[in-house]
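Student: First the structure, which I've put down as C-alpha coordinates, then a few questions once you've had a look.
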Amino acid sequence: MNKKSIRFYKDHEVRAVWDEEKSTWWFSIVDIVGAITDSPNPRKYWSVLKSRLKKAGNELTTRCSQLKMTAADGKRYATDCFSQDDIIQLVRVIPSKKTEDFLDWFVYSDNTIDGQSKKKAYTLMESGLLDTLKPGTVKCLQQIHAFLFGGLYDFAGKIRTKTIWKDGTLFCRAEYLMKNLAIIEAMPETTFDEIANKYVEMNVAHPFMEGNGRSTRIWLDQIFKKRLGLCVDWSKIDKKKYLAAMQQSTTDATAIKALLKQALTDRIDDREIFMKGIDYSYYYEQND
(Lines give C-alpha, C1' and ligand atoms only; values in the text may rest on other atoms or scores of the structure.)
Protein backbone atom coordinates (compact mmCIF):
# COMPACT_ATOMS: atom_id res chain seq x y z
CA MET A 1 0.00 0.00 0.00
CA ASN A 2 2.47 2.62 -1.18
CA LYS A 3 0.03 5.06 -2.77
CA LYS A 4 -0.94 7.75 -0.28
CA SER A 5 -3.29 10.68 -0.52
CA ILE A 6 -4.27 13.64 1.61
CA ARG A 7 -7.61 15.13 0.65
CA PHE A 8 -9.15 18.21 2.17
CA TYR A 9 -12.69 18.80 3.36
CA LYS A 10 -13.10 22.42 4.50
CA ASP A 11 -9.44 22.62 5.61
CA HIS A 12 -9.58 19.24 7.39
CA GLU A 13 -7.03 16.66 6.23
CA VAL A 14 -8.45 13.28 5.25
CA ARG A 15 -5.64 10.74 4.84
CA ALA A 16 -5.98 7.70 2.60
CA VAL A 17 -3.88 4.80 1.30
CA TRP A 18 -4.43 2.70 -1.82
CA ASP A 19 -4.94 -1.05 -1.60
CA GLU A 20 -3.59 -2.45 -4.88
CA GLU A 21 -4.92 -5.96 -4.25
CA LYS A 22 -8.49 -4.83 -3.61
CA SER A 23 -8.30 -1.76 -5.88
CA THR A 24 -9.75 0.54 -3.25
CA TRP A 25 -8.83 3.52 -1.10
CA TRP A 26 -8.82 3.16 2.68
CA PHE A 27 -9.62 6.34 4.64
CA SER A 28 -8.64 7.37 8.16
CA ILE A 29 -11.75 7.17 10.33
CA VAL A 30 -10.37 9.60 12.90
CA ASP A 31 -9.76 12.22 10.20
CA ILE A 32 -13.33 11.97 8.96
CA VAL A 33 -14.77 12.07 12.47
CA GLY A 34 -12.76 15.23 13.10
CA ALA A 35 -13.94 16.78 9.84
CA ILE A 36 -17.67 16.35 10.37
CA THR A 37 -17.96 16.68 14.17
CA ASP A 38 -15.33 19.34 14.95
CA SER A 39 -14.64 17.28 18.07
CA PRO A 40 -11.60 18.49 20.07
CA ASN A 41 -10.63 14.82 20.45
CA PRO A 42 -11.80 12.86 17.38
CA ARG A 43 -9.77 9.81 18.42
CA LYS A 44 -11.71 9.53 21.68
CA TYR A 45 -14.98 10.28 19.86
CA TRP A 46 -14.34 7.37 17.49
CA SER A 47 -13.34 5.06 20.37
CA VAL A 48 -16.63 5.72 22.16
CA LEU A 49 -18.67 5.42 18.96
CA LYS A 50 -16.94 2.16 18.03
CA SER A 51 -17.83 0.66 21.43
CA ARG A 52 -21.45 1.72 21.02
CA LEU A 53 -21.65 0.21 17.54
CA LYS A 54 -20.19 -3.08 18.79
CA LYS A 55 -22.69 -3.26 21.65
CA ALA A 56 -25.51 -2.57 19.21
CA GLY A 57 -24.33 -5.47 17.04
CA ASN A 58 -23.46 -3.19 14.10
CA GLU A 59 -21.28 -5.19 11.69
CA LEU A 60 -19.57 -2.04 10.46
CA THR A 61 -16.85 -2.29 13.11
CA THR A 62 -15.86 -5.79 11.89
CA ARG A 63 -14.76 -4.29 8.56
CA CYS A 64 -12.37 -1.83 10.15
CA SER A 65 -8.71 -2.29 9.17
CA GLN A 66 -5.61 -0.89 10.85
CA LEU A 67 -3.11 0.61 8.42
CA LYS A 68 0.00 2.68 9.08
CA MET A 69 -0.37 6.37 8.27
CA THR A 70 1.90 9.36 8.79
CA ALA A 71 0.77 11.64 11.61
CA ALA A 72 1.45 15.35 12.18
CA ASP A 73 4.68 14.53 14.04
CA GLY A 74 6.05 12.78 10.95
CA LYS A 75 5.84 9.30 12.51
CA ARG A 76 3.74 6.41 11.20
CA TYR A 77 1.06 4.92 13.44
CA ALA A 78 -1.50 2.14 13.07
CA THR A 79 -4.74 3.90 12.19
CA ASP A 80 -8.32 2.63 11.98
CA CYS A 81 -9.52 2.79 8.37
CA PHE A 82 -12.64 2.07 6.33
CA SER A 83 -13.14 1.64 2.60
CA GLN A 84 -15.26 4.23 0.77
CA ASP A 85 -18.54 2.30 1.09
CA ASP A 86 -18.04 1.79 4.82
CA ILE A 87 -17.12 5.46 5.33
CA ILE A 88 -20.48 6.40 3.78
CA GLN A 89 -22.26 4.11 6.24
CA LEU A 90 -20.24 5.47 9.17
CA VAL A 91 -20.98 9.11 8.34
CA ARG A 92 -24.70 8.36 8.28
CA VAL A 93 -24.67 7.10 11.89
CA ILE A 94 -22.79 10.14 13.22
CA PRO A 95 -25.12 12.98 14.27
CA SER A 96 -23.86 15.98 12.32
CA LYS A 97 -25.29 18.87 10.29
CA LYS A 98 -22.39 18.37 7.88
CA THR A 99 -23.39 14.85 6.84
CA GLU A 100 -24.92 15.55 3.44
CA ASP A 101 -22.38 18.23 2.54
CA PHE A 102 -19.53 15.87 3.43
CA LEU A 103 -21.02 13.00 1.42
CA ASP A 104 -21.47 15.25 -1.61
CA TRP A 105 -17.78 16.11 -1.39
CA PHE A 106 -16.62 12.58 -0.56
CA VAL A 107 -18.56 10.76 -3.29
CA TYR A 108 -18.40 13.25 -6.11
CA SER A 109 -15.18 15.26 -5.71
CA ASP A 110 -13.12 12.81 -7.79
CA ASN A 111 -15.54 13.14 -10.72
CA THR A 112 -14.85 16.84 -11.20
CA ILE A 113 -12.24 18.16 -13.63
CA ASP A 114 -9.93 18.79 -10.68
CA GLY A 115 -10.56 15.28 -9.38
CA GLN A 116 -9.74 13.72 -12.75
CA SER A 117 -6.71 15.97 -13.20
CA LYS A 118 -5.45 15.06 -9.74
CA LYS A 119 -5.55 11.38 -10.66
CA LYS A 120 -3.39 12.21 -13.68
CA ALA A 121 -1.02 14.15 -11.44
CA TYR A 122 -0.59 11.11 -9.17
CA THR A 123 0.69 9.11 -12.15
CA LEU A 124 3.04 11.82 -13.37
CA MET A 125 6.08 10.49 -11.50
CA GLU A 126 5.57 6.95 -12.82
CA SER A 127 4.91 8.17 -16.37
CA GLY A 128 8.57 9.03 -16.97
CA LEU A 129 7.56 12.36 -18.52
CA LEU A 130 9.37 14.48 -15.93
CA ASP A 131 12.67 12.77 -16.76
CA THR A 132 12.38 13.84 -20.42
CA LEU A 133 11.65 17.53 -19.84
CA LYS A 134 14.01 20.50 -19.91
CA PRO A 135 13.31 22.33 -16.63
CA GLY A 136 12.73 26.05 -16.73
CA THR A 137 11.48 26.14 -20.31
CA VAL A 138 8.05 27.16 -21.54
CA LYS A 139 7.80 23.85 -23.41
CA CYS A 140 8.38 21.99 -20.14
CA LEU A 141 5.49 23.86 -18.53
CA GLN A 142 3.26 23.19 -21.54
CA GLN A 143 3.99 19.46 -21.41
CA ILE A 144 3.18 19.31 -17.70
CA HIS A 145 -0.08 21.19 -18.28
CA ALA A 146 -0.97 18.92 -21.21
CA PHE A 147 -0.40 15.81 -19.05
CA LEU A 148 -2.52 17.12 -16.16
CA PHE A 149 -5.43 18.40 -18.24
CA GLY A 150 -5.33 16.38 -21.45
CA GLY A 151 -8.84 15.19 -22.31
CA LEU A 152 -10.31 17.57 -19.71
CA TYR A 153 -9.69 20.94 -21.35
CA ASP A 154 -9.43 21.45 -25.11
CA PHE A 155 -6.70 24.02 -24.41
CA ALA A 156 -4.50 21.60 -22.42
CA GLY A 157 -0.86 22.57 -23.03
CA LYS A 158 -1.82 25.52 -25.22
CA ILE A 159 -0.76 29.11 -24.51
CA ARG A 160 -3.84 31.28 -24.09
CA THR A 161 -4.85 33.84 -26.72
CA LYS A 162 -7.26 35.75 -24.48
CA THR A 163 -6.55 38.23 -21.69
CA ILE A 164 -7.70 36.99 -18.26
CA TRP A 165 -8.35 38.34 -14.75
CA LYS A 166 -8.59 36.46 -11.46
CA ASP A 167 -9.62 37.87 -8.08
CA GLY A 168 -9.08 41.38 -9.39
CA THR A 169 -5.61 40.61 -10.78
CA LEU A 170 -4.95 41.30 -14.44
CA PHE A 171 -2.45 38.81 -15.86
CA CYS A 172 -0.19 39.47 -18.84
CA ARG A 173 -2.22 40.73 -21.78
CA ALA A 174 -2.57 38.13 -24.51
CA GLU A 175 -0.92 40.29 -27.17
CA TYR A 176 2.29 40.50 -25.11
CA LEU A 177 2.25 36.98 -23.67
CA MET A 178 4.52 35.13 -26.10
CA LYS A 179 7.18 37.85 -25.89
CA ASN A 180 7.02 37.82 -22.07
CA LEU A 181 7.26 34.04 -21.92
CA ALA A 182 10.45 34.16 -23.99
CA ILE A 183 11.90 36.69 -21.54
CA ILE A 184 10.91 34.55 -18.54
CA GLU A 185 12.42 31.43 -20.10
CA ALA A 186 15.74 33.28 -20.52
CA MET A 187 15.83 34.39 -16.87
CA PRO A 188 18.77 32.95 -14.86
CA GLU A 189 18.05 30.06 -12.48
CA THR A 190 21.34 29.29 -10.71
CA THR A 191 20.40 30.47 -7.20
CA PHE A 192 17.35 30.16 -4.97
CA ASP A 193 16.45 33.83 -5.45
CA GLU A 194 16.75 33.58 -9.23
CA ILE A 195 14.54 30.49 -9.36
CA ALA A 196 11.93 32.06 -7.07
CA ASN A 197 11.92 35.22 -9.20
CA LYS A 198 11.37 33.13 -12.33
CA TYR A 199 8.47 31.34 -10.64
CA VAL A 200 6.86 34.64 -9.62
CA GLU A 201 7.16 36.02 -13.15
CA MET A 202 5.62 32.88 -14.64
CA ASN A 203 2.71 33.23 -12.24
CA VAL A 204 2.19 36.84 -13.36
CA ALA A 205 2.28 35.67 -16.98
CA HIS A 206 -0.36 32.98 -16.31
CA PRO A 207 0.09 31.31 -19.71
CA PHE A 208 -3.00 29.05 -19.62
CA MET A 209 -6.72 29.74 -19.34
CA GLU A 210 -6.94 27.42 -16.29
CA GLY A 211 -4.62 25.15 -14.34
CA ASN A 212 -1.68 27.56 -14.06
CA GLY A 213 -0.93 27.12 -10.36
CA ARG A 214 -1.03 23.32 -10.36
CA SER A 215 1.23 23.10 -13.43
CA THR A 216 3.66 25.84 -12.40
CA ARG A 217 4.31 24.39 -8.92
CA ILE A 218 5.47 21.14 -10.53
CA TRP A 219 7.51 23.20 -13.03
CA LEU A 220 9.14 25.07 -10.14
CA ASP A 221 10.09 21.82 -8.39
CA GLN A 222 11.75 20.56 -11.57
CA ILE A 223 13.98 23.66 -11.65
CA PHE A 224 14.87 23.31 -7.98
CA LYS A 225 15.76 19.65 -8.50
CA LYS A 226 17.97 20.34 -11.50
CA ARG A 227 19.77 23.41 -10.18
CA LEU A 228 19.92 22.92 -6.40
CA GLY A 229 19.17 19.23 -5.79
CA LEU A 230 16.14 20.29 -3.74
CA CYS A 231 12.36 20.41 -4.02
CA VAL A 232 9.50 21.96 -2.07
CA ASP A 233 7.66 19.99 0.60
CA TRP A 234 4.37 21.75 -0.07
CA SER A 235 2.76 20.20 3.03
CA LYS A 236 4.86 22.63 5.08
CA ILE A 237 3.29 25.68 3.44
CA ASP A 238 -0.02 26.89 4.86
CA LYS A 239 -2.70 27.49 2.23
CA LYS A 240 -3.79 30.96 3.38
CA LYS A 241 -0.21 32.15 3.79
CA TYR A 242 0.71 30.81 0.36
CA LEU A 243 -2.22 32.45 -1.43
CA ALA A 244 -1.59 35.76 0.32
CA ALA A 245 2.13 35.61 -0.49
CA MET A 246 1.48 34.83 -4.15
CA GLN A 247 -0.94 37.73 -4.45
CA GLN A 248 1.63 40.00 -2.82
CA SER A 249 4.43 38.67 -5.03
CA THR A 250 3.30 40.77 -7.99
CA THR A 251 4.91 43.74 -6.22
CA ASP A 252 7.05 42.11 -3.49
CA ALA A 253 8.30 38.49 -3.54
CA THR A 254 9.73 38.53 -0.01
CA ALA A 255 6.89 36.55 1.59
CA ILE A 256 6.70 33.78 -1.03
CA LYS A 257 10.47 33.39 -0.99
CA ALA A 258 10.42 32.94 2.79
CA LEU A 259 7.68 30.29 2.55
CA LEU A 260 9.47 28.37 -0.20
CA LYS A 261 12.88 28.49 1.49
CA GLN A 262 11.67 27.05 4.81
CA ALA A 263 9.92 24.20 2.96
CA LEU A 264 12.86 23.02 0.83
CA THR A 265 14.00 19.42 1.20
CA ASP A 266 16.65 17.23 -0.41
CA ARG A 267 14.20 14.30 -0.66
CA ILE A 268 13.81 14.91 -4.40
CA ASP A 269 13.13 11.27 -5.32
CA ASP A 270 10.80 10.55 -2.40
CA ARG A 271 7.46 9.41 -3.76
CA GLU A 272 5.63 10.44 -0.59
CA ILE A 273 6.94 14.01 -0.88
CA PHE A 274 5.73 14.12 -4.49
CA MET A 275 2.29 12.72 -3.63
CA LYS A 276 1.81 15.10 -0.71
CA GLY A 277 2.91 17.93 -3.00
CA ILE A 278 0.14 17.06 -5.44
CA ASP A 279 -2.43 16.90 -2.65
CA TYR A 280 -1.48 20.30 -1.28
CA SER A 281 -1.13 21.86 -4.73
CA TYR A 282 -4.72 20.93 -5.60
CA TYR A 283 -5.87 21.93 -2.11
CA TYR A 284 -4.57 25.46 -2.71
CA GLU A 285 -7.01 25.75 -5.63
CA GLN A 286 -10.11 24.67 -3.68
CA ASN A 287 -12.64 27.34 -2.78
CA ASP A 288 -13.41 27.38 0.93
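In the C-alpha coordinates, each chain is lettered A, B, ... as it comes, each chain's residues begin at 1, and ligands are numbered from 1 in order of appearance.
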Apply DSSP to the backbone of this structure and, from stretch 170-229 of chain A, keep only the residues in alpha helix (DSSP H); write these as a ChimeraX atom specification.

Tutor: /A:174-185,192-205,212-228

Student: Listing only residues of stretch 39-154 of chain A within 10 Å of stretch 202-213 of chain A, what is the closest atom pair and its distance in Å (to one decimal) for each, using only C-alpha atoms, sorted by chain and residue number ascending, as JSON lines?

Tutor:
```
{"residue": "A:Asp114", "atom": "CA", "partner": "A:Gly211", "partner_atom": "CA", "distance": 9.1}
{"residue": "A:Ser117", "atom": "CA", "partner": "A:Gly211", "partner_atom": "CA", "distance": 9.5}
{"residue": "A:Val138", "atom": "CA", "partner": "A:Pro207", "partner_atom": "CA", "distance": 9.2}
{"residue": "A:Leu141", "atom": "CA", "partner": "A:Asn212", "partner_atom": "CA", "distance": 9.2}
{"residue": "A:Gln142", "atom": "CA", "partner": "A:Phe208", "partner_atom": "CA", "distance": 8.8}
{"residue": "A:His145", "atom": "CA", "partner": "A:Gly211", "partner_atom": "CA", "distance": 7.2}
{"residue": "A:Ala146", "atom": "CA", "partner": "A:Gly211", "partner_atom": "CA", "distance": 10.0}
{"residue": "A:Leu148", "atom": "CA", "partner": "A:Gly211", "partner_atom": "CA", "distance": 8.5}
{"residue": "A:Phe149", "atom": "CA", "partner": "A:Gly211", "partner_atom": "CA", "distance": 7.8}
{"residue": "A:Tyr153", "atom": "CA", "partner": "A:Glu210", "partner_atom": "CA", "distance": 8.7}
```

Student: Mind checking which residues fall within 10 Å of A:Tyr45, counting only C-alpha atoms, ignoring those fewer than 4 positions away in the same chain, and posting them as a PyMOL selection string?

Tutor: chain A and resi 30+33-34+37+39-41+49-50

Student: What's the separation between atom CA of A:Ile144 and atom CA of A:Ile278, in Å to one decimal place?

Tutor: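 Result for atom CA of A:Ile144 versus atom CA of A:Ile278: 12.8 Å, one decimal.
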
Student: Go through A:Val48, A:Ile32, A:Ala78, A:Val17 and flag the residue nearest A:Leu103, using only C-alpha atoms for the distances.

Tutor: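 Smallest distance to A:Leu103 is found for A:Ile32.
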
Student: Compare A:Glu21, A:Glu201, A:Asp38, A:Glu272 by their minimum atom-to-atom distance to A:Ser96, counting only C-alpha atoms, and give me the closest one.

Tutor: A:Asp38

Student: I need the residue nearest A:Val93 from this list: A:Gln248, A:Gln222, A:Thr123, A:Asn58. Use only C-alpha atoms for the distance.

Tutor: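 Nearest to A:Val93: A:Asn58.
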
Student: To one decimal in Å, tell me the separation between atom CA of A:Glu126 and atom CA of A:Lys198.

Tutor: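 Distance between the two atoms: 26.8 Å.
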
Student: Between atom CA of A:Asp101 and atom CA of A:Phe27, what is the distance in Å, rounded to a tenth?

Tutor: 17.6 Å

Student: Which of stretch 4-210 of chain A end up as strand (DSSP E) when DSSP is run on this backbone - answer as a VMD selection string?

Tutor: chain A and resid 4 to 9 12 to 19 24 to 28 65 to 70 76 to 83 165 to 166 169 to 170

Student: Tell me, as a PyMOL selection string, which residues lie within 12 Å of A:Ser47, counting only C-alpha atoms; anything in the same chain fewer than 3 positions away does not count.

Tutor: chain A and resi 29-30+33+41-44+50-54+61+79-80

Student: Please write the residues from the selection above to a file, keeping all heavy atoms, as a short mmCIF file (atom, residue, chain, number, x, y, z; two decimals), in the first residue's frame.

Tutor:
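The file below, selection.cif, is the result:
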```
data_model
loop_
_atom_site.label_atom_id
_atom_site.label_comp_id
_atom_site.auth_asym_id
_atom_site.auth_seq_id
_atom_site.Cartn_x
_atom_site.Cartn_y
_atom_site.Cartn_z
N ILE A 29 -10.46 6.91 9.67
CA ILE A 29 -11.75 7.17 10.33
C ILE A 29 -11.65 8.38 11.24
O ILE A 29 -12.54 9.23 11.28
CB ILE A 29 -12.20 5.93 11.13
CG1 ILE A 29 -12.39 4.73 10.19
CG2 ILE A 29 -13.48 6.23 11.89
CD1 ILE A 29 -12.66 3.42 10.90
N VAL A 30 -10.55 8.48 11.97
CA VAL A 30 -10.37 9.60 12.90
C VAL A 30 -10.40 10.94 12.17
O VAL A 30 -10.98 11.91 12.63
CB VAL A 30 -9.06 9.44 13.69
CG1 VAL A 30 -8.73 10.72 14.46
CG2 VAL A 30 -9.16 8.28 14.67
N VAL A 33 -14.04 11.69 11.27
CA VAL A 33 -14.77 12.07 12.47
C VAL A 33 -14.44 13.52 12.85
O VAL A 33 -15.34 14.31 13.17
CB VAL A 33 -14.43 11.12 13.64
CG1 VAL A 33 -14.95 11.69 14.97
CG2 VAL A 33 -15.01 9.74 13.41
N ASN A 41 -11.37 16.07 20.31
CA ASN A 41 -10.63 14.82 20.45
C ASN A 41 -11.31 13.74 19.59
O ASN A 41 -12.01 12.87 20.10
CB ASN A 41 -10.58 14.38 21.91
CG ASN A 41 -9.59 13.25 22.14
OD1 ASN A 41 -9.24 12.52 21.21
ND2 ASN A 41 -9.12 13.11 23.37
N PRO A 42 -11.12 13.82 18.28
CA PRO A 42 -11.80 12.86 17.38
C PRO A 42 -11.41 11.42 17.62
O PRO A 42 -12.21 10.51 17.39
CB PRO A 42 -11.38 13.32 15.99
CG PRO A 42 -10.18 14.18 16.19
CD PRO A 42 -10.34 14.82 17.53
N ARG A 43 -10.19 11.18 18.13
CA ARG A 43 -9.77 9.81 18.42
C ARG A 43 -10.64 9.21 19.53
O ARG A 43 -11.08 8.06 19.45
CB ARG A 43 -8.29 9.79 18.80
CG ARG A 43 -7.68 8.39 18.83
CD ARG A 43 -6.17 8.48 19.02
NE ARG A 43 -5.56 9.21 17.91
CZ ARG A 43 -5.28 8.68 16.73
NH1 ARG A 43 -5.57 7.40 16.50
NH2 ARG A 43 -4.72 9.40 15.79
N LYS A 44 -10.87 10.00 20.58
CA LYS A 44 -11.71 9.53 21.68
C LYS A 44 -13.16 9.38 21.22
O LYS A 44 -13.86 8.43 21.60
CB LYS A 44 -11.63 10.51 22.85
CG LYS A 44 -12.42 10.06 24.08
CD LYS A 44 -12.22 11.02 25.25
CE LYS A 44 -12.99 10.54 26.47
NZ LYS A 44 -12.81 11.47 27.63
N LYS A 50 -17.23 3.54 18.42
CA LYS A 50 -16.94 2.16 18.03
C LYS A 50 -17.48 1.19 19.08
O LYS A 50 -18.07 0.15 18.73
CB LYS A 50 -15.43 1.97 17.83
CG LYS A 50 -15.05 0.57 17.37
CD LYS A 50 -13.63 0.51 16.83
CE LYS A 50 -12.59 0.91 17.80
NZ LYS A 50 -11.21 0.66 17.31
N SER A 51 -17.32 1.52 20.35
CA SER A 51 -17.83 0.66 21.43
C SER A 51 -19.35 0.56 21.38
O SER A 51 -19.92 -0.52 21.56
CB SER A 51 -17.39 1.22 22.79
OG SER A 51 -15.99 1.17 22.93
N ARG A 52 -19.99 1.71 21.10
CA ARG A 52 -21.45 1.72 21.02
C ARG A 52 -21.95 0.88 19.84
O ARG A 52 -22.94 0.15 19.95
CB ARG A 52 -21.96 3.15 20.89
CG ARG A 52 -21.80 3.98 22.16
CD ARG A 52 -22.22 5.41 21.93
NE ARG A 52 -22.10 6.21 23.14
CZ ARG A 52 -22.24 7.53 23.18
NH1 ARG A 52 -22.54 8.19 22.06
NH2 ARG A 52 -22.12 8.18 24.33
N LEU A 53 -21.26 0.98 18.72
CA LEU A 53 -21.65 0.21 17.54
C LEU A 53 -21.49 -1.28 17.78
O LEU A 53 -22.33 -2.09 17.36
CB LEU A 53 -20.81 0.65 16.33
CG LEU A 53 -21.08 2.06 15.80
CD1 LEU A 53 -20.06 2.42 14.71
CD2 LEU A 53 -22.50 2.16 15.24
N LYS A 54 -20.41 -1.66 18.47
CA LYS A 54 -20.19 -3.08 18.79
C LYS A 54 -21.29 -3.61 19.69
O LYS A 54 -21.83 -4.70 19.46
CB LYS A 54 -18.83 -3.25 19.47
CG LYS A 54 -17.64 -3.18 18.54
CD LYS A 54 -16.35 -3.42 19.30
CE LYS A 54 -15.15 -3.41 18.36
NZ LYS A 54 -13.86 -3.60 19.09
N THR A 61 -18.14 -2.28 12.41
CA THR A 61 -16.85 -2.29 13.11
C THR A 61 -16.00 -3.51 12.73
O THR A 61 -14.78 -3.47 12.86
CB THR A 61 -17.06 -2.27 14.63
OG1 THR A 61 -17.86 -3.40 15.01
CG2 THR A 61 -17.73 -0.98 15.07
N THR A 79 -3.58 3.03 12.19
CA THR A 79 -4.74 3.90 12.19
C THR A 79 -5.97 3.13 11.70
O THR A 79 -5.90 2.41 10.71
CB THR A 79 -4.51 5.10 11.24
OG1 THR A 79 -3.30 5.77 11.63
CG2 THR A 79 -5.67 6.07 11.27
N ASP A 80 -7.08 3.27 12.41
CA ASP A 80 -8.32 2.63 11.98
C ASP A 80 -8.78 3.22 10.66
O ASP A 80 -8.86 4.45 10.50
CB ASP A 80 -9.42 2.83 13.03
CG ASP A 80 -9.27 1.88 14.21
OD1 ASP A 80 -8.38 1.02 14.17
OD2 ASP A 80 -10.06 2.01 15.18
#
```

Student: Quick one: everything within 12 Å of A:Leu133, counting only C-alpha atoms, minus sequence neighbours fewer than 2 positions away in the same chain. Send it as an MDAnalysis selection string.

Tutor: chainID A and resid 128:131 135:144 218:219 222:223 226
